[in-house]
$ cat start25.cif   # mmCIF, C-alpha atoms, pLDDT in the B column; chains and numbers go by the auth columns
data_data
#
loop_
_atom_site.group_PDB
_atom_site.id
_atom_site.type_symbol
_atom_site.label_atom_id
_atom_site.label_comp_id
_atom_site.label_asym_id
_atom_site.label_seq_id
_atom_site.Cartn_x
_atom_site.Cartn_y
_atom_site.Cartn_z
_atom_site.B_iso_or_equiv
_atom_site.auth_seq_id
_atom_site.auth_asym_id
ATOM 1 C CA MET A 1 9.543 -43.053 -69.605 96.00 1 U
ATOM 2 C CA THR A 2 6.697 -42.483 -67.184 97.00 2 U
ATOM 3 C CA ALA A 3 2.974 -41.949 -67.597 96.00 3 U
ATOM 4 C CA THR A 4 0.503 -40.703 -65.021 96.00 4 U
ATOM 5 C CA VAL A 5 -3.213 -40.012 -65.092 97.00 5 U
ATOM 6 C CA GLN A 6 -4.130 -36.376 -64.551 95.00 6 U
ATOM 7 C CA ASP A 7 -7.806 -35.433 -64.727 93.00 7 U
ATOM 8 C CA GLU A 8 -9.000 -36.741 -68.133 94.00 8 U
ATOM 9 C CA ALA A 9 -5.517 -37.062 -69.639 97.00 9 U
ATOM 10 C CA ILE A 10 -2.290 -39.055 -69.589 97.00 10 U
ATOM 11 C CA VAL A 11 0.931 -37.165 -68.851 97.00 11 U
ATOM 12 C CA ILE A 12 3.883 -38.824 -70.613 97.00 12 U
ATOM 13 C CA LYS A 13 7.377 -37.868 -69.403 98.00 13 U
ATOM 14 C CA ASN A 14 10.453 -38.696 -71.454 98.00 14 U
ATOM 15 C CA ARG A 15 13.271 -39.485 -69.016 96.00 15 U
ATOM 16 C CA ARG A 16 15.555 -40.756 -71.767 95.00 16 U
ATOM 17 C CA SER A 17 18.529 -38.979 -73.327 95.00 17 U
ATOM 18 C CA GLY A 18 16.906 -38.544 -76.756 95.00 18 U
ATOM 19 C CA PRO A 19 13.496 -37.891 -78.288 97.00 19 U
ATOM 20 C CA VAL A 20 10.838 -40.619 -78.312 97.00 20 U
ATOM 21 C CA TRP A 21 7.616 -41.189 -80.231 97.00 21 U
ATOM 22 C CA VAL A 22 4.532 -42.648 -78.538 95.00 22 U
ATOM 23 C CA ARG A 23 1.270 -44.379 -79.408 92.00 23 U
ATOM 24 C CA MET A 24 -1.429 -45.199 -76.824 94.00 24 U
ATOM 25 C CA ILE A 25 -4.293 -47.677 -77.123 93.00 25 U
ATOM 26 C CA GLY A 26 -6.903 -48.891 -74.653 93.00 26 U
ATOM 27 C CA VAL A 27 -6.183 -52.390 -73.390 92.00 27 U
ATOM 28 C CA SER A 28 -9.727 -53.633 -74.076 91.00 28 U
ATOM 29 C CA VAL A 29 -9.543 -52.719 -77.775 89.00 29 U
ATOM 30 C CA LEU A 30 -5.907 -53.627 -78.291 85.00 30 U
ATOM 31 C CA PRO A 31 -6.641 -57.078 -79.795 80.00 31 U
ATOM 32 C CA THR A 32 -9.001 -55.541 -82.367 74.00 32 U
ATOM 33 C CA VAL A 33 -6.687 -52.742 -83.464 72.00 33 U
ATOM 34 C CA LEU A 34 -4.113 -53.446 -86.122 65.00 34 U
ATOM 35 C CA LEU A 35 -1.058 -51.497 -85.039 66.00 35 U
ATOM 36 C CA ALA A 36 0.866 -49.720 -87.734 72.00 36 U
ATOM 37 C CA PRO A 37 4.610 -50.224 -87.538 80.00 37 U
ATOM 38 C CA PRO A 38 6.448 -47.524 -85.590 90.00 38 U
ATOM 39 C CA ASP A 39 7.402 -44.448 -87.558 92.00 39 U
ATOM 40 C CA LEU A 40 9.163 -41.143 -87.034 95.00 40 U
ATOM 41 C CA ASP A 41 6.221 -39.053 -88.221 93.00 41 U
ATOM 42 C CA GLY A 42 4.691 -36.527 -85.881 92.00 42 U
ATOM 43 C CA GLU A 43 6.319 -34.612 -83.084 94.00 43 U
ATOM 44 C CA PRO A 44 8.528 -36.630 -80.738 96.00 44 U
ATOM 45 C CA ILE A 45 8.706 -35.890 -77.031 97.00 45 U
ATOM 46 C CA PRO A 46 12.131 -34.296 -76.526 97.00 46 U
ATOM 47 C CA ALA A 47 14.468 -35.616 -73.831 97.00 47 U
ATOM 48 C CA GLY A 48 13.435 -34.416 -70.368 97.00 48 U
ATOM 49 C CA GLU A 49 10.094 -33.036 -71.627 98.00 49 U
ATOM 50 C CA GLN A 50 6.524 -34.160 -71.115 97.00 50 U
ATOM 51 C CA ARG A 51 3.329 -34.213 -73.161 97.00 51 U
ATOM 52 C CA VAL A 52 -0.286 -34.228 -71.986 98.00 52 U
ATOM 53 C CA VAL A 53 -2.549 -36.454 -74.103 97.00 53 U
ATOM 54 C CA GLU A 54 -6.288 -36.075 -73.546 97.00 54 U
ATOM 55 C CA PHE A 55 -8.276 -39.307 -73.178 96.00 55 U
ATOM 56 C CA GLU A 56 -10.523 -38.282 -76.094 95.00 56 U
ATOM 57 C CA VAL A 57 -7.680 -38.688 -78.603 95.00 57 U
ATOM 58 C CA ILE A 58 -6.654 -42.150 -77.373 95.00 58 U
ATOM 59 C CA THR A 59 -8.296 -45.141 -79.077 92.00 59 U
ATOM 60 C CA MET A 60 -10.050 -46.996 -76.276 93.00 60 U
ATOM 61 C CA GLY A 61 -13.290 -48.667 -75.246 92.00 61 U
ATOM 62 C CA GLU A 62 -16.142 -46.960 -73.381 90.00 62 U
ATOM 63 C CA ASN A 63 -15.375 -48.431 -69.967 92.00 63 U
ATOM 64 C CA GLU A 64 -11.607 -48.628 -70.344 94.00 64 U
ATOM 65 C CA ASP A 65 -9.625 -49.260 -67.178 95.00 65 U
ATOM 66 C CA ALA A 66 -6.105 -49.222 -68.650 96.00 66 U
ATOM 67 C CA ILE A 67 -4.131 -48.194 -71.694 95.00 67 U
ATOM 68 C CA ARG A 68 -0.920 -49.533 -73.197 94.00 68 U
ATOM 69 C CA VAL A 69 1.720 -46.905 -74.008 95.00 69 U
ATOM 70 C CA PHE A 70 4.061 -47.898 -76.833 93.00 70 U
ATOM 71 C CA TRP A 71 7.226 -45.855 -77.285 95.00 71 U
ATOM 72 C CA TRP A 72 10.390 -45.918 -79.371 96.00 72 U
ATOM 73 C CA GLY A 73 13.384 -43.806 -80.223 96.00 73 U
ATOM 74 C CA ALA A 74 15.300 -43.398 -83.445 96.00 74 U
ATOM 75 C CA THR A 75 18.420 -45.236 -84.530 95.00 75 U
ATOM 76 C CA MET A 76 20.695 -45.134 -87.536 94.00 76 U
ATOM 77 C CA ASP A 77 20.554 -47.937 -90.092 95.00 77 U
ATOM 78 C CA ASP A 78 22.817 -47.770 -93.127 95.00 78 U
ATOM 79 C CA GLY A 79 23.059 -43.993 -92.781 95.00 79 U
ATOM 80 C CA LYS A 80 19.290 -43.506 -92.427 96.00 80 U
ATOM 81 C CA ARG A 81 17.370 -42.506 -89.314 94.00 81 U
ATOM 82 C CA VAL A 82 14.784 -45.216 -88.592 96.00 82 U
ATOM 83 C CA PRO A 83 12.516 -46.213 -85.684 96.00 83 U
ATOM 84 C CA GLY A 84 14.268 -48.174 -82.955 95.00 84 U
ATOM 85 C CA GLU A 85 13.020 -51.055 -80.836 93.00 85 U
ATOM 86 C CA VAL A 86 9.485 -50.631 -79.483 92.00 86 U
ATOM 87 C CA SER A 87 8.869 -50.844 -75.733 94.00 87 U
ATOM 88 C CA SER A 88 5.578 -50.574 -73.882 93.00 88 U
ATOM 89 C CA PHE A 89 3.991 -50.378 -70.470 96.00 89 U
ATOM 90 C CA ARG A 90 0.488 -50.433 -69.007 96.00 90 U
ATOM 91 C CA VAL A 91 -1.158 -47.454 -67.300 97.00 91 U
ATOM 92 C CA GLU A 92 -4.163 -48.051 -65.041 96.00 92 U
ATOM 93 C CA LEU A 93 -6.837 -45.379 -65.478 94.00 93 U
#

$ encode --input "start25.cif" --output "structure tokens"
Amino acid sequence: MTATVQDEAIVIKNRRSGPVWVRMIGVSVLPTVLLAPPDLDGEPIPAGEQRVVEFEVITMGENEDAIRVFWWGATMDDGKRVPGEVSSFRVEL
């Protein structure tokens, strides 16, 4: 997984072998935001693909200088597809 700043957006690239789901939150507001548990709702980023996420749709403070990107894949548990372990990294804006 990589993320780069491009204009007023974050470009997320999935370098993994399967799809991943992402959630991004500004570092300054992170302590005040109650994170929902990971889910498999929404469109994942397919393996080898990228997604551009505009700053305006990311929850963050007015003078944000970094965001935290959370990402996870899917795994099988008792025959059901469920969210896997959550990883994260920081992106400086």

$ closest_residue --input "start25.cif" --among "U:Gly42, U:Gly61, U:Gly48, U:Pro37" --to "Glu85 (chain U)" --atoms "all atoms listed in the file"
U:Pro37

$ resolve_selection --input "start25.cif" --expression "the PyMOL selection byres ((chain U and resi 29) around 12)" --output "PyMOL selection string"
chain U and resi 24-28+30-35+58-68

$ closest_residue --input "start25.cif" --among "U:Asp78, U:Ala9, U:Gly18, U:Phe89" --to "Val52 (chain U)" --atoms "all atoms listed in the file"
U:Ala9

$ atom_distance --input "start25.cif" --atom1 "CA of Met76 (chain U)" --atom2 "CA of Glu49 (chain U)"
22.6 Å

$ atom_distance --input "start25.cif" --atom1 "CA of Thr2 (chain U)" --atom2 "CA of Phe55 (chain U)"
16.4 Å

$ closest_residue --input "start25.cif" --among "U:Pro19, U:Leu40, U:Lys13, U:Asp7" --to "Lys80 (chain U)" --atoms "only C-alpha atoms"
U:Leu40

$ residues_around --input "start25.cif" --residues "Val11 (chain U)" --least-positions-apart "4" --cutoff "7 Å" --atoms "only C-alpha atoms" --output "JSON, numbers by chain"
{"U": [3, 4, 5, 6, 50, 51, 52, 53]}

$ closest_residue --input "start25.cif" --among "U:Val82, U:Val22, U:Leu93, U:Ile45" --to "Phe70 (chain U)" --atoms "only C-alpha atoms"
U:Val22

$ axis_aligned_box --input "start25.cif" --around "region 53-64 of chain U" --padding-each-side "3 Å" --output "JSON"
{"center_x": -9.3, "center_y": -42.4, "center_z": -74.5, "size_x": 19.6, "size_y": 18.6, "size_z": 15.1}

$ resolve_selection --input "start25.cif" --expression "the PyMOL selection byres ((chain U and resi 74) around 6)" --output "ChimeraX atom specification"
/U:73,75,82-84

$ atom_distance --input "start25.cif" --atom1 "CA of Glu8 (chain U)" --atom2 "CA of Ala36 (chain U)"
25.5 Å

$ build_atoms --input "start25.cif" --residues "region 20-48 of chain U" --atoms "N, CA and C atoms" --output "PDB file, keeping the file's coordinate frame"
ATOM      1  N   VAL U  20      11.583 -39.380 -78.120  1.00 97.00           N
ATOM      2  CA  VAL U  20      10.838 -40.619 -78.312  1.00 97.00           C
ATOM      3  C   VAL U  20       9.494 -40.297 -78.948  1.00 97.00           C
ATOM      4  N   TRP U  21       8.936 -41.275 -79.630  1.00 97.00           N
ATOM      5  CA  TRP U  21       7.616 -41.189 -80.231  1.00 97.00           C
ATOM      6  C   TRP U  21       6.725 -42.133 -79.456  1.00 97.00           C
ATOM      7  N   VAL U  22       5.436 -41.804 -79.323  1.00 95.00           N
ATOM      8  CA  VAL U  22       4.532 -42.648 -78.538  1.00 95.00           C
ATOM      9  C   VAL U  22       3.247 -42.926 -79.292  1.00 95.00           C
ATOM     10  N   ARG U  23       2.598 -44.020 -78.919  1.00 92.00           N
ATOM     11  CA  ARG U  23       1.270 -44.379 -79.408  1.00 92.00           C
ATOM     12  C   ARG U  23       0.565 -45.035 -78.234  1.00 92.00           C
ATOM     13  N   MET U  24      -0.678 -44.646 -77.947  1.00 94.00           N
ATOM     14  CA  MET U  24      -1.429 -45.199 -76.824  1.00 94.00           C
ATOM     15  C   MET U  24      -2.730 -45.812 -77.305  1.00 94.00           C
ATOM     16  N   ILE U  25      -3.076 -46.975 -76.727  1.00 93.00           N
ATOM     17  CA  ILE U  25      -4.293 -47.677 -77.123  1.00 93.00           C
ATOM     18  C   ILE U  25      -4.898 -48.319 -75.889  1.00 93.00           C
ATOM     19  N   GLY U  26      -6.211 -48.246 -75.759  1.00 93.00           N
ATOM     20  CA  GLY U  26      -6.903 -48.891 -74.653  1.00 93.00           C
ATOM     21  C   GLY U  26      -6.688 -50.390 -74.676  1.00 93.00           C
ATOM     22  N   VAL U  27      -6.473 -50.964 -73.495  1.00 92.00           N
ATOM     23  CA  VAL U  27      -6.183 -52.390 -73.390  1.00 92.00           C
ATOM     24  C   VAL U  27      -7.344 -53.239 -73.907  1.00 92.00           C
ATOM     25  N   SER U  28      -8.578 -52.811 -73.659  1.00 91.00           N
ATOM     26  CA  SER U  28      -9.727 -53.633 -74.076  1.00 91.00           C
ATOM     27  C   SER U  28      -9.884 -53.708 -75.589  1.00 91.00           C
ATOM     28  N   VAL U  29      -9.414 -52.706 -76.313  1.00 89.00           N
ATOM     29  CA  VAL U  29      -9.543 -52.719 -77.775  1.00 89.00           C
ATOM     30  C   VAL U  29      -8.247 -53.118 -78.471  1.00 89.00           C
ATOM     31  N   LEU U  30      -7.205 -53.295 -77.713  1.00 85.00           N
ATOM     32  CA  LEU U  30      -5.907 -53.627 -78.291  1.00 85.00           C
ATOM     33  C   LEU U  30      -5.945 -54.824 -79.237  1.00 85.00           C
ATOM     34  N   PRO U  31      -6.623 -55.931 -78.875  1.00 80.00           N
ATOM     35  CA  PRO U  31      -6.641 -57.078 -79.795  1.00 80.00           C
ATOM     36  C   PRO U  31      -7.356 -56.803 -81.124  1.00 80.00           C
ATOM     37  N   THR U  32      -8.236 -55.811 -81.150  1.00 74.00           N
ATOM     38  CA  THR U  32      -9.001 -55.541 -82.367  1.00 74.00           C
ATOM     39  C   THR U  32      -8.365 -54.460 -83.235  1.00 74.00           C
ATOM     40  N   VAL U  33      -7.327 -53.841 -82.732  1.00 72.00           N
ATOM     41  CA  VAL U  33      -6.687 -52.742 -83.464  1.00 72.00           C
ATOM     42  C   VAL U  33      -5.407 -53.258 -84.116  1.00 72.00           C
ATOM     43  N   LEU U  34      -5.322 -53.079 -85.406  1.00 65.00           N
ATOM     44  CA  LEU U  34      -4.113 -53.446 -86.122  1.00 65.00           C
ATOM     45  C   LEU U  34      -3.123 -52.299 -85.972  1.00 65.00           C
ATOM     46  N   LEU U  35      -2.039 -52.557 -85.280  1.00 66.00           N
ATOM     47  CA  LEU U  35      -1.058 -51.497 -85.039  1.00 66.00           C
ATOM     48  C   LEU U  35      -0.188 -51.286 -86.269  1.00 66.00           C
ATOM     49  N   ALA U  36      -0.058 -50.063 -86.657  1.00 72.00           N
ATOM     50  CA  ALA U  36       0.866 -49.720 -87.734  1.00 72.00           C
ATOM     51  C   ALA U  36       2.278 -49.843 -87.182  1.00 72.00           C
ATOM     52  N   PRO U  37       3.232 -50.158 -88.024  1.00 80.00           N
ATOM     53  CA  PRO U  37       4.610 -50.224 -87.538  1.00 80.00           C
ATOM     54  C   PRO U  37       5.044 -48.853 -87.016  1.00 80.00           C
ATOM     55  N   PRO U  38       6.002 -48.824 -86.112  1.00 90.00           N
ATOM     56  CA  PRO U  38       6.448 -47.524 -85.590  1.00 90.00           C
ATOM     57  C   PRO U  38       7.014 -46.661 -86.712  1.00 90.00           C
ATOM     58  N   ASP U  39       6.864 -45.369 -86.559  1.00 92.00           N
ATOM     59  CA  ASP U  39       7.402 -44.448 -87.558  1.00 92.00           C
ATOM     60  C   ASP U  39       7.985 -43.244 -86.844  1.00 92.00           C
ATOM     61  N   LEU U  40       8.585 -42.360 -87.593  1.00 95.00           N
ATOM     62  CA  LEU U  40       9.163 -41.143 -87.034  1.00 95.00           C
ATOM     63  C   LEU U  40       8.368 -39.924 -87.464  1.00 95.00           C
ATOM     64  N   ASP U  41       7.110 -40.157 -87.866  1.00 93.00           N
ATOM     65  CA  ASP U  41       6.221 -39.053 -88.221  1.00 93.00           C
ATOM     66  C   ASP U  41       5.739 -38.392 -86.933  1.00 93.00           C
ATOM     67  N   GLY U  42       5.222 -37.214 -87.046  1.00 92.00           N
ATOM     68  CA  GLY U  42       4.691 -36.527 -85.881  1.00 92.00           C
ATOM     69  C   GLY U  42       5.800 -35.944 -85.014  1.00 92.00           C
ATOM     70  N   GLU U  43       5.375 -35.284 -83.973  1.00 94.00           N
ATOM     71  CA  GLU U  43       6.319 -34.612 -83.084  1.00 94.00           C
ATOM     72  C   GLU U  43       6.757 -35.556 -81.970  1.00 94.00           C
ATOM     73  N   PRO U  44       8.058 -35.800 -81.844  1.00 96.00           N
ATOM     74  CA  PRO U  44       8.528 -36.630 -80.738  1.00 96.00           C
ATOM     75  C   PRO U  44       8.461 -35.839 -79.427  1.00 96.00           C
ATOM     76  N   ILE U  45       8.579 -36.540 -78.333  1.00 97.00           N
ATOM     77  CA  ILE U  45       8.706 -35.890 -77.031  1.00 97.00           C
ATOM     78  C   ILE U  45      10.205 -35.730 -76.782  1.00 97.00           C
ATOM     79  N   PRO U  46      10.697 -34.500 -76.732  1.00 97.00           N
ATOM     80  CA  PRO U  46      12.131 -34.296 -76.526  1.00 97.00           C
ATOM     81  C   PRO U  46      12.603 -34.837 -75.178  1.00 97.00           C
ATOM     82  N   ALA U  47      13.881 -35.126 -75.077  1.00 97.00           N
ATOM     83  CA  ALA U  47      14.468 -35.616 -73.831  1.00 97.00           C
ATOM     84  C   ALA U  47      14.152 -34.655 -72.691  1.00 97.00           C
ATOM     85  N   GLY U  48      13.722 -35.217 -71.555  1.00 97.00           N
ATOM     86  CA  GLY U  48      13.435 -34.416 -70.368  1.00 97.00           C
ATOM     87  C   GLY U  48      12.122 -33.658 -70.401  1.00 97.00           C
TER      88      GLY U  48
END
